[in-house]
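**Student:** Just so it is clear, I am handing over my_file_7.csv, which has CSV, C-alpha atoms.
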```
chain,number,residue,atom,x,y,z
A,434,MET,CA,0.0,0.0,0.0
A,435,LYS,CA,2.8,2.4,0.9
A,436,GLN,CA,4.5,1.5,-2.3
A,437,ASP,CA,1.4,2.4,-4.2
A,438,VAL,CA,1.3,5.8,-2.5
A,439,GLU,CA,5.0,6.4,-3.3
A,440,ASN,CA,4.3,5.6,-6.9
A,441,VAL,CA,1.9,8.6,-7.3
A,442,ILE,CA,5.0,10.8,-6.8
A,443,LYS,CA,6.6,10.9,-10.2
A,444,SER,CA,9.7,12.8,-11.1
A,445,HIS,CA,9.6,13.4,-14.8
A,446,THR,CA,9.2,17.2,-14.9
A,447,GLU,CA,11.1,20.2,-16.0
A,448,PRO,CA,13.8,21.2,-13.4
A,449,ASN,CA,12.9,24.4,-11.6
A,450,SER,CA,9.3,24.3,-12.7
A,451,ASP,CA,6.4,24.7,-10.2
A,452,GLU,CA,5.7,20.9,-10.8
A,453,TYR,CA,9.3,20.1,-10.0
A,454,PHE,CA,9.3,22.0,-6.7
A,455,MET,CA,5.8,20.6,-5.8
A,456,GLN,CA,7.1,17.1,-6.3
A,457,GLU,CA,9.8,17.9,-3.8
A,458,ALA,CA,7.1,19.0,-1.4
A,459,LEU,CA,5.2,15.8,-2.1
A,460,LYS,CA,8.3,13.8,-1.1
A,461,GLU,CA,8.1,15.6,2.2
A,462,ALA,CA,4.4,14.8,2.5
A,463,ASN,CA,5.2,11.2,1.9
A,464,LEU,CA,7.7,11.3,4.8
A,465,ALA,CA,4.9,12.5,7.0
A,466,TYR,CA,2.7,9.7,5.7
A,467,LEU,CA,5.3,7.1,6.6
A,468,GLU,CA,5.5,8.7,10.1
A,469,ASN,CA,1.7,8.4,10.5
A,470,GLU,CA,1.2,12.1,10.4
A,471,VAL,CA,-1.3,14.0,8.2
A,472,PRO,CA,0.7,13.9,4.9
A,473,VAL,CA,1.6,17.6,4.1
A,474,GLY,CA,5.0,18.7,2.9
A,475,CYS,CA,6.5,22.0,2.1
A,476,VAL,CA,9.6,23.4,0.4
A,477,VAL,CA,10.9,27.0,0.4
A,478,VAL,CA,12.7,28.1,-2.8
A,479,ARG,CA,15.0,31.1,-3.4
A,480,ASN,CA,16.8,31.7,-6.6
A,481,ASN,CA,15.6,28.3,-7.9
A,482,THR,CA,17.2,26.5,-5.0
A,483,ILE,CA,15.4,24.8,-2.2
A,484,ILE,CA,16.6,26.5,1.0
A,485,ALA,CA,14.3,24.7,3.5
A,486,ARG,CA,12.0,21.7,3.4
A,487,SER,CA,9.8,20.1,6.0
A,488,HIS,CA,6.7,18.0,6.7
A,489,ASN,CA,4.0,17.9,9.2
A,490,THR,CA,5.0,16.5,12.6
A,491,ARG,CA,2.2,17.9,14.8
A,492,ASP,CA,0.9,14.8,16.5
A,493,LYS,CA,4.3,13.2,17.0
A,494,GLU,CA,5.7,16.3,18.6
A,495,GLU,CA,2.5,17.6,20.2
A,496,ASP,CA,3.3,20.9,18.7
A,497,ILE,CA,0.7,23.4,17.5
A,498,PHE,CA,3.5,24.7,15.2
A,499,GLY,CA,4.3,21.4,13.7
A,500,HIS,CA,2.6,22.3,10.4
A,501,ALA,CA,5.0,21.8,7.4
A,502,GLU,CA,4.8,25.5,6.4
A,503,ILE,CA,5.7,26.8,9.8
A,504,LYS,CA,8.7,24.6,10.2
A,505,ALA,CA,9.9,25.3,6.6
A,506,LEU,CA,9.5,29.1,7.1
A,507,LYS,CA,11.4,29.0,10.4
A,508,GLU,CA,14.3,27.1,8.7
A,509,ALA,CA,14.2,29.5,5.7
A,510,SER,CA,14.2,32.5,8.1
A,511,SER,CA,17.2,31.0,9.9
A,512,GLN,CA,19.1,30.4,6.7
A,513,ILE,CA,18.5,34.0,5.4
A,514,GLY,CA,18.9,35.7,8.8
A,515,SER,CA,15.8,37.7,8.5
A,516,TRP,CA,12.1,37.3,9.3
A,517,ILE,CA,11.3,39.0,6.1
A,518,LEU,CA,11.3,36.5,3.3
A,519,ASP,CA,10.2,38.6,0.3
A,520,ASP,CA,12.3,36.8,-2.3
A,521,VAL,CA,11.1,33.2,-1.6
A,522,SER,CA,8.5,31.0,-3.1
A,523,VAL,CA,6.7,28.5,-0.9
A,524,TYR,CA,5.4,25.1,-2.3
A,525,VAL,CA,3.0,23.3,0.0
A,526,THR,CA,0.9,20.2,-0.8
A,527,LEU,CA,-2.2,21.4,1.0
A,528,GLU,CA,-3.9,24.8,1.1
A,529,PRO,CA,-2.5,26.6,4.2
A,530,CYS,CA,-4.7,27.2,7.3
A,531,PHE,CA,-5.1,30.6,8.9
A,532,MET,CA,-2.1,30.2,11.1
A,533,CYS,CA,0.2,29.2,8.1
A,534,ALA,CA,-1.3,31.7,5.7
A,535,GLY,CA,-0.9,34.4,8.3
A,536,ALA,CA,2.8,33.4,8.7
A,537,LEU,CA,3.2,33.6,4.9
A,538,LEU,CA,1.6,37.1,5.0
A,539,GLN,CA,3.8,38.2,7.9
A,540,ALA,CA,7.0,37.0,6.2
A,541,ARG,CA,5.8,38.7,3.0
A,542,VAL,CA,6.7,35.8,0.7
A,543,LYS,CA,6.8,36.4,-3.0
A,544,LYS,CA,4.9,33.4,-4.3
A,545,ILE,CA,2.7,30.7,-2.8
A,546,VAL,CA,2.0,27.4,-4.7
A,547,PHE,CA,-0.3,24.8,-3.2
A,548,ALA,CA,-1.6,21.5,-4.5
A,549,ALA,CA,-4.9,20.4,-2.9
A,550,SER,CA,-7.5,22.7,-1.5
A,551,GLU,CA,-8.6,22.5,2.1
A,552,PRO,CA,-12.4,23.2,2.4
A,553,LYS,CA,-12.5,23.0,6.2
A,554,HIS,CA,-9.5,25.1,7.2
A,555,GLY,CA,-8.1,26.7,4.0
A,556,ALA,CA,-7.4,30.4,4.2
A,557,ILE,CA,-6.2,31.0,0.6
A,558,GLY,CA,-9.5,30.6,-1.2
A,559,SER,CA,-11.6,28.0,0.7
A,560,ILE,CA,-13.0,29.7,3.8
A,561,THR,CA,-11.7,33.0,2.6
A,562,ASN,CA,-8.5,34.4,0.9
A,563,ILE,CA,-6.7,36.4,3.5
A,564,PHE,CA,-4.7,38.1,0.9
A,565,GLU,CA,-7.8,39.6,-0.7
A,566,LEU,CA,-9.3,41.1,2.5
A,567,PRO,CA,-9.6,44.8,3.0
A,568,ASN,CA,-6.4,46.6,4.2
A,569,ILE,CA,-4.1,43.7,3.5
A,570,ASN,CA,-1.3,45.3,1.6
A,571,HIS,CA,0.8,42.3,0.7
A,572,HIS,CA,-0.3,40.4,-2.4
A,573,PRO,CA,1.9,37.4,-3.3
A,574,GLU,CA,1.5,35.5,-6.6
A,575,ILE,CA,-0.7,32.5,-5.8
A,576,ILE,CA,-1.0,29.4,-7.9
A,577,LYS,CA,-3.2,26.4,-6.8
A,578,GLY,CA,-3.8,22.9,-8.1
A,579,ILE,CA,-0.3,22.0,-9.1
A,580,ASN,CA,0.0,18.2,-8.5
A,581,GLU,CA,-3.4,18.3,-6.8
A,582,ILE,CA,-4.3,14.7,-7.6
A,583,GLU,CA,-1.0,13.3,-6.1
A,584,ALA,CA,-1.5,15.4,-2.9
A,585,SER,CA,-5.1,14.5,-2.6
A,586,THR,CA,-4.4,10.8,-3.2
A,587,LEU,CA,-1.9,10.7,-0.4
A,588,LEU,CA,-4.3,12.5,2.0
A,589,LYS,CA,-7.2,10.2,1.2
A,590,GLN,CA,-5.0,7.2,1.6
A,591,PHE,CA,-3.9,8.5,5.1
A,592,PHE,CA,-7.5,9.0,6.3
A,593,LYS,CA,-8.5,5.6,4.8
A,594,ASP,CA,-5.7,3.9,6.7
A,595,LEU,CA,-6.7,5.8,9.9
A,596,ARG,CA,-10.4,4.6,9.6
A,597,GLU,CA,-9.2,1.0,9.0
A,598,LYS,CA,-6.9,1.2,12.1
A,599,ARG,CA,-9.8,2.5,14.2
A,600,LYS,CA,-12.1,-0.2,13.0
A,601,SER,CA,-9.6,-3.0,13.7
A,602,LYS,CA,-9.2,-1.8,17.3
B,117,MET,CA,10.1,58.5,30.0
B,118,LYS,CA,10.4,54.7,30.6
B,119,GLN,CA,9.3,55.4,34.2
B,120,ASP,CA,6.2,57.1,32.9
B,121,VAL,CA,5.4,54.2,30.8
B,122,GLU,CA,5.9,51.8,33.6
B,123,ASN,CA,3.5,53.8,35.7
B,124,VAL,CA,0.6,53.2,33.4
B,125,ILE,CA,0.7,49.6,34.5
B,126,LYS,CA,-1.1,49.6,37.8
B,127,SER,CA,-1.8,46.5,39.9
B,128,HIS,CA,-4.8,47.4,42.1
B,129,THR,CA,-7.2,44.9,40.7
B,130,GLU,CA,-9.1,41.8,41.9
B,131,PRO,CA,-6.9,38.7,41.8
B,132,ASN,CA,-7.8,36.3,38.9
B,133,SER,CA,-10.0,38.9,37.2
B,134,ASP,CA,-9.5,39.6,33.5
B,135,GLU,CA,-7.9,42.9,34.5
B,136,TYR,CA,-5.5,41.1,36.8
B,137,PHE,CA,-4.2,38.8,34.1
B,138,MET,CA,-4.1,41.5,31.5
B,139,GLN,CA,-1.9,43.5,33.8
B,140,GLU,CA,0.5,40.6,33.8
B,141,ALA,CA,0.4,40.6,30.0
B,142,LEU,CA,1.1,44.4,30.2
B,143,LYS,CA,4.2,43.6,32.4
B,144,GLU,CA,5.4,41.4,29.5
B,145,ALA,CA,4.7,44.1,27.0
B,146,ASN,CA,6.7,46.5,29.1
B,147,LEU,CA,9.7,44.1,28.9
B,148,ALA,CA,9.4,44.1,25.1
B,149,TYR,CA,9.4,48.0,25.3
B,150,LEU,CA,12.6,47.9,27.4
B,151,GLU,CA,14.2,45.7,24.7
B,152,ASN,CA,13.2,48.1,21.9
B,153,GLU,CA,10.6,45.6,20.5
B,154,VAL,CA,7.0,46.4,19.6
B,155,PRO,CA,5.5,46.2,23.1
B,156,VAL,CA,3.1,43.3,23.1
B,157,GLY,CA,2.8,40.8,25.9
B,158,CYS,CA,0.8,37.7,26.5
B,159,VAL,CA,0.0,35.3,29.3
B,160,VAL,CA,-1.7,31.9,29.1
B,161,VAL,CA,-4.0,31.0,32.1
B,162,ARG,CA,-5.2,27.6,33.1
B,163,ASN,CA,-7.3,27.0,36.3
B,164,ASN,CA,-6.6,30.6,37.4
B,165,THR,CA,-2.8,30.1,37.1
B,166,ILE,CA,-0.5,31.6,34.6
B,167,ILE,CA,1.2,28.6,32.9
B,168,ALA,CA,3.1,30.6,30.2
B,169,ARG,CA,4.1,34.2,29.6
B,170,SER,CA,6.0,35.9,26.9
B,171,HIS,CA,6.6,39.1,24.9
B,172,ASN,CA,7.4,40.1,21.4
B,173,THR,CA,11.0,39.4,20.4
B,174,ARG,CA,10.6,39.4,16.6
B,175,ASP,CA,13.2,41.9,15.6
B,176,LYS,CA,15.9,40.9,18.1
B,177,GLU,CA,15.6,37.3,17.2
B,178,GLU,CA,14.8,37.8,13.4
B,179,ASP,CA,12.0,35.3,13.9
B,180,ILE,CA,8.7,35.4,12.2
B,181,PHE,CA,7.3,33.4,15.1
B,182,GLY,CA,8.6,35.9,17.7
B,183,HIS,CA,5.1,37.3,18.4
B,184,ALA,CA,4.1,37.1,22.0
B,185,GLU,CA,1.1,34.8,21.5
B,186,ILE,CA,3.1,32.2,19.5
B,187,LYS,CA,5.8,32.0,22.1
B,188,ALA,CA,3.4,31.8,25.0
B,189,LEU,CA,1.3,29.1,23.2
B,190,LYS,CA,4.4,27.1,22.5
B,191,GLU,CA,5.4,27.2,26.1
B,192,ALA,CA,1.8,26.4,27.3
B,193,SER,CA,1.7,23.4,24.9
B,194,SER,CA,5.0,22.2,26.2
B,195,GLN,CA,3.7,22.5,29.8
B,196,ILE,CA,0.5,20.7,29.1
B,197,GLY,CA,2.0,18.1,26.8
B,198,SER,CA,-0.6,18.6,24.1
B,199,TRP,CA,-1.2,20.8,21.1
B,200,ILE,CA,-4.8,21.1,22.0
B,201,LEU,CA,-5.2,23.8,24.7
B,202,ASP,CA,-9.0,23.8,25.1
B,203,ASP,CA,-8.9,24.7,28.8
B,204,VAL,CA,-6.8,27.8,28.6
B,205,SER,CA,-7.5,31.5,28.4
B,206,VAL,CA,-5.1,33.7,26.5
B,207,TYR,CA,-4.5,37.4,27.5
B,208,VAL,CA,-2.7,39.5,25.0
B,209,THR,CA,-2.2,43.3,24.9
B,210,LEU,CA,-2.9,43.7,21.2
B,211,GLU,CA,-5.4,42.1,18.9
B,212,PRO,CA,-3.8,39.1,17.3
B,213,CYS,CA,-2.8,39.0,13.6
B,214,PHE,CA,-3.9,36.2,11.3
B,215,MET,CA,-1.0,34.0,12.2
B,216,CYS,CA,-1.6,34.3,15.9
B,217,ALA,CA,-5.4,34.2,15.7
B,218,GLY,CA,-5.0,31.1,13.4
B,219,ALA,CA,-2.7,29.5,16.1
B,220,LEU,CA,-5.4,30.3,18.8
B,221,LEU,CA,-8.0,28.6,16.5
B,222,GLN,CA,-5.8,25.6,15.8
B,223,ALA,CA,-5.1,25.2,19.6
B,224,ARG,CA,-8.8,25.5,20.3
B,225,VAL,CA,-8.3,27.8,23.2
B,226,LYS,CA,-11.3,28.4,25.5
B,227,LYS,CA,-11.1,32.2,25.9
B,228,ILE,CA,-9.2,35.1,24.3
B,229,VAL,CA,-8.9,38.5,25.9
B,230,PHE,CA,-7.1,41.4,24.2
B,231,ALA,CA,-6.5,45.0,25.1
B,232,ALA,CA,-6.0,47.3,22.1
B,233,SER,CA,-7.4,46.7,18.7
B,234,GLU,CA,-5.1,46.5,15.6
B,235,PRO,CA,-6.7,48.1,12.6
B,236,LYS,CA,-4.0,47.1,10.1
B,237,HIS,CA,-3.5,43.5,11.0
B,238,GLY,CA,-6.1,42.4,13.6
B,239,ALA,CA,-7.9,39.2,12.8
B,240,ILE,CA,-10.4,39.1,15.6
B,241,GLY,CA,-12.6,42.0,14.6
B,242,SER,CA,-10.6,44.6,12.8
B,243,ILE,CA,-9.9,43.2,9.3
B,244,THR,CA,-12.2,40.3,9.9
B,245,ASN,CA,-13.0,38.0,12.8
B,246,ILE,CA,-11.8,34.6,11.8
B,247,PHE,CA,-13.9,32.9,14.4
B,248,GLU,CA,-17.1,34.2,12.7
B,249,LEU,CA,-16.2,33.0,9.2
B,250,PRO,CA,-18.3,30.3,7.5
B,251,ASN,CA,-17.3,26.7,8.4
B,252,ILE,CA,-15.2,27.7,11.4
B,253,ASN,CA,-16.4,25.4,14.1
B,254,HIS,CA,-14.5,26.7,17.1
B,255,HIS,CA,-15.9,29.7,18.9
B,256,PRO,CA,-13.9,30.8,22.0
B,257,GLU,CA,-15.2,33.4,24.3
B,258,ILE,CA,-13.7,36.7,23.2
B,259,ILE,CA,-13.4,39.9,25.3
B,260,LYS,CA,-11.7,43.0,24.0
B,261,GLY,CA,-10.8,46.4,25.4
B,262,ILE,CA,-9.6,45.2,28.9
B,263,ASN,CA,-6.8,47.7,29.8
B,264,GLU,CA,-6.9,49.1,26.3
B,265,ILE,CA,-5.6,52.6,27.4
B,266,GLU,CA,-2.6,51.2,29.1
B,267,ALA,CA,-1.7,48.9,26.1
B,268,SER,CA,-2.3,51.7,23.6
B,269,THR,CA,-0.2,54.2,25.6
B,270,LEU,CA,2.7,51.8,25.6
B,271,LEU,CA,2.5,51.2,21.9
B,272,LYS,CA,2.1,54.9,21.1
B,273,GLN,CA,5.1,55.7,23.2
B,274,PHE,CA,7.2,53.0,21.4
B,275,PHE,CA,6.4,54.4,18.0
B,276,LYS,CA,6.9,58.0,19.2
B,277,ASP,CA,10.4,56.9,20.5
B,278,LEU,CA,11.1,55.2,17.2
B,279,ARG,CA,10.2,58.3,15.2
B,280,GLU,CA,12.4,60.4,17.4
B,281,LYS,CA,15.3,58.0,17.1
B,282,ARG,CA,15.0,58.1,13.3
B,283,LYS,CA,14.8,61.9,13.2
B,284,SER,CA,18.0,62.2,15.3
B,285,LYS,CA,20.0,59.9,13.0
```
Output the file's structure in the form of structure tokens.

**Tutor:**
Amino acid sequence: MKQDVENVIKSHTEPNSDEYFMQEALKEANLAYLENEVPVGCVVVRNNTIIARSHNTRDKEEDIFGHAEIKALKEASSQIGSWILDDVSVYVTLEPCFMCAGALLQARVKKIVFAASEPKHGAIGSITNIFELPNINHHPEIIKGINEIEASTLLKQFFKDLREKRKSK
Amino acid sequence: MKQDVENVIKSHTEPNSDEYFMQEALKEANLAYLENEVPVGCVVVRNNTIIARSHNTRDKEEDIFGHAEIKALKEASSQIGSWILDDVSVYVTLEPCFMCAGALLQARVKKIVFAASEPKHGAIGSITNIFELPNINHHPEIIKGINEIEASTLLKQFFKDLREKRKSK
């Protein structure tokens, strides 16, 4: 089953394309899946180079801030030596929640690319788009739906596994 | 001047009242002021006991996540051993931004009390109230305006000092 999930992550894409970086984020999501965490991955890119990568570890670490985006932004901020990250692009496999979208706003990132939408918690188009609210003066480029099927397949598999584990208890 | 600012923080209030805990948050805000950081402070309260306290250190530490609420929530989460903090009240001297309000939502805190409103970034009533958006299923008790004058005075003094420093350069 895990092999099947890994197989959805293909790597035949143009280097430095949005698809290329999203597949790197999907590799991180797959690591979360293998650790029994909600499979979400993120990479932060500057000058076509991945400067930070992370995946969700919230349950394992009992950390509110264990979301993939938060950890990757923290690492990127540390790499750059500034809390302003206005020359980076962030690739994440699931639409960010308010906390993560708020962090992307605070850090003034240049571009946000996400794969699957998140109808229950998504703050970049699902519940609202925080970047389009009145008085918000930072407007990053936003692209959604890149590798959406792969990201959704991994998430659906995770929640299917979880239901099966609960049934068998 | 700093003495004047300290004097706005009085301590003649009923123990365990909202005013009492907000004054503790104001003491944290004052620490931020003394460190030349935007003066915002926060305390997290559980069973009438402060289990975490913090103040803004974003510039000093070049950390996106240096906001008072994030640091206090992280400490509270570590104290409790869970990322779900549904039995805590959070007292903060300034209306939380999207990132911090999103973290309070994620952690499912029971009650949020803030002092001054934040027209440019506030996500609990100013730009929007994220807890009142469609599909949001967590609705903490929210109280605003407690010790608002003290919190605002400290913030105004900080920005006045900053302007004077810039002029004198």

**Student:** Quick check: residues of chain A within 9 Å of chain B, all atoms listed in the file, returned as a CSV table (one decimal) with C-alpha atoms, keeping the file's coordinate frame.

**Tutor:**
```csv
chain,number,residue,atom,x,y,z
A,491,ARG,CA,2.2,17.9,14.8
A,492,ASP,CA,0.9,14.8,16.5
A,494,GLU,CA,5.7,16.3,18.6
A,495,GLU,CA,2.5,17.6,20.2
A,496,ASP,CA,3.3,20.9,18.7
A,497,ILE,CA,0.7,23.4,17.5
A,498,PHE,CA,3.5,24.7,15.2
A,503,ILE,CA,5.7,26.8,9.8
A,506,LEU,CA,9.5,29.1,7.1
A,507,LYS,CA,11.4,29.0,10.4
A,510,SER,CA,14.2,32.5,8.1
A,511,SER,CA,17.2,31.0,9.9
A,514,GLY,CA,18.9,35.7,8.8
A,515,SER,CA,15.8,37.7,8.5
A,516,TRP,CA,12.1,37.3,9.3
A,517,ILE,CA,11.3,39.0,6.1
A,530,CYS,CA,-4.7,27.2,7.3
A,531,PHE,CA,-5.1,30.6,8.9
A,532,MET,CA,-2.1,30.2,11.1
A,533,CYS,CA,0.2,29.2,8.1
A,534,ALA,CA,-1.3,31.7,5.7
A,535,GLY,CA,-0.9,34.4,8.3
A,536,ALA,CA,2.8,33.4,8.7
A,537,LEU,CA,3.2,33.6,4.9
A,538,LEU,CA,1.6,37.1,5.0
A,539,GLN,CA,3.8,38.2,7.9
A,540,ALA,CA,7.0,37.0,6.2
A,552,PRO,CA,-12.4,23.2,2.4
A,553,LYS,CA,-12.5,23.0,6.2
A,554,HIS,CA,-9.5,25.1,7.2
A,560,ILE,CA,-13.0,29.7,3.8
A,561,THR,CA,-11.7,33.0,2.6
A,563,ILE,CA,-6.7,36.4,3.5
A,566,LEU,CA,-9.3,41.1,2.5
A,567,PRO,CA,-9.6,44.8,3.0
A,568,ASN,CA,-6.4,46.6,4.2
A,569,ILE,CA,-4.1,43.7,3.5
```

**Student:** Excluding Lys460 in chain A and any residue of its chain fewer than 2 positions from it, enumerate the residues within 10 Å of it, using only C-alpha atoms, and give them as a PyMOL selection string.

**Tutor:** chain A and resi 439+442-443+454-458+462-466+472-476+486-488+526

**Student:** At what distance in Å, to one decimal, does CA of Glu461 in chain A lie from CA of Val478 in chain A?

**Tutor:**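 Between these atoms lies a distance of 14.2 Å.
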
**Student:** Hey, can you check how far CA of Val521 in chain A sits from CA of Lys504 in chain A?

**Tutor:**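 Computing it gives 14.8 Å between the two atoms.
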
**Student:** Mind pulling up the distance from CA of Gly241 in chain B to CA of Leu270 in chain B?

**Tutor:** 21.2 Å

**Student:** With all atoms listed in the file as the counted atoms, please give the residues lying no more than 7 Å from Glu574 in chain A, apart from itself and same-chain residues fewer than 3 positions off, as JSON, numbers by chain.

**Tutor:** {"A": [543, 544, 545]}

**Student:** Measuring between all atoms listed in the file, which one of B:Ala267, B:Val225, B:Ile258, B:Leu278 shows the shortest distance to Asn245 in chain B?

**Tutor:**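 Under the stated criterion, the closest residue is B:Ile258.
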
**Student:** Within 12 Å of (21.7, 30.3, -4.0), all atoms listed in the file: residues as an NGL selection string?

**Tutor:** :A and (478-485 or 512-513 or 520-521)

**Student:** Tell me which of A:Arg541, A:Asp451, A:Tyr524, A:Ala549 sits closest to Glu583 in chain A, counting all atoms listed in the file.

**Tutor:**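 Closest to Glu583 in chain A, using all atoms listed in the file: A:Ala549.
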
**Student:** Please complete range 268-279 of chain B so it has N, CA, C and O atoms, and hand it over as a compact mmCIF listing (two decimals), in the frame of the given file.

**Tutor:**
```txt
# COMPACT_ATOMS: atom_id res chain seq x y z
N SER B 268 -2.43 50.71 24.68
CA SER B 268 -2.30 51.70 23.60
C SER B 268 -1.20 52.72 23.93
O SER B 268 -0.41 53.12 23.06
N THR B 269 -1.19 53.16 25.18
CA THR B 269 -0.20 54.20 25.60
C THR B 269 1.20 53.65 25.39
O THR B 269 2.08 54.35 24.89
N LEU B 270 1.42 52.41 25.78
CA LEU B 270 2.70 51.80 25.60
C LEU B 270 3.12 51.70 24.15
O LEU B 270 4.25 52.03 23.76
N LEU B 271 2.18 51.28 23.32
CA LEU B 271 2.50 51.20 21.90
C LEU B 271 2.74 52.53 21.26
O LEU B 271 3.70 52.70 20.50
N LYS B 272 1.91 53.53 21.63
CA LYS B 272 2.10 54.90 21.10
C LYS B 272 3.47 55.43 21.49
O LYS B 272 4.17 56.06 20.70
N GLN B 273 3.84 55.19 22.76
CA GLN B 273 5.10 55.70 23.20
C GLN B 273 6.28 55.02 22.46
O GLN B 273 7.26 55.68 22.09
N PHE B 274 6.14 53.72 22.19
CA PHE B 274 7.20 53.00 21.40
C PHE B 274 7.35 53.61 20.05
O PHE B 274 8.48 53.88 19.62
N PHE B 275 6.24 53.85 19.36
CA PHE B 275 6.40 54.40 18.00
C PHE B 275 6.81 55.84 17.99
O PHE B 275 7.50 56.28 17.07
N LYS B 276 6.45 56.58 19.04
CA LYS B 276 6.90 58.00 19.20
C LYS B 276 8.47 57.95 19.38
O LYS B 276 9.20 58.69 18.72
N ASP B 277 8.94 57.07 20.27
CA ASP B 277 10.40 56.90 20.50
C ASP B 277 11.10 56.60 19.18
O ASP B 277 12.16 57.15 18.88
N LEU B 278 10.49 55.68 18.42
CA LEU B 278 11.10 55.20 17.20
C LEU B 278 11.23 56.36 16.17
O LEU B 278 12.28 56.52 15.54
N ARG B 279 10.17 57.16 16.09
CA ARG B 279 10.20 58.30 15.20
C ARG B 279 11.32 59.29 15.60
O ARG B 279 12.05 59.82 14.77
```
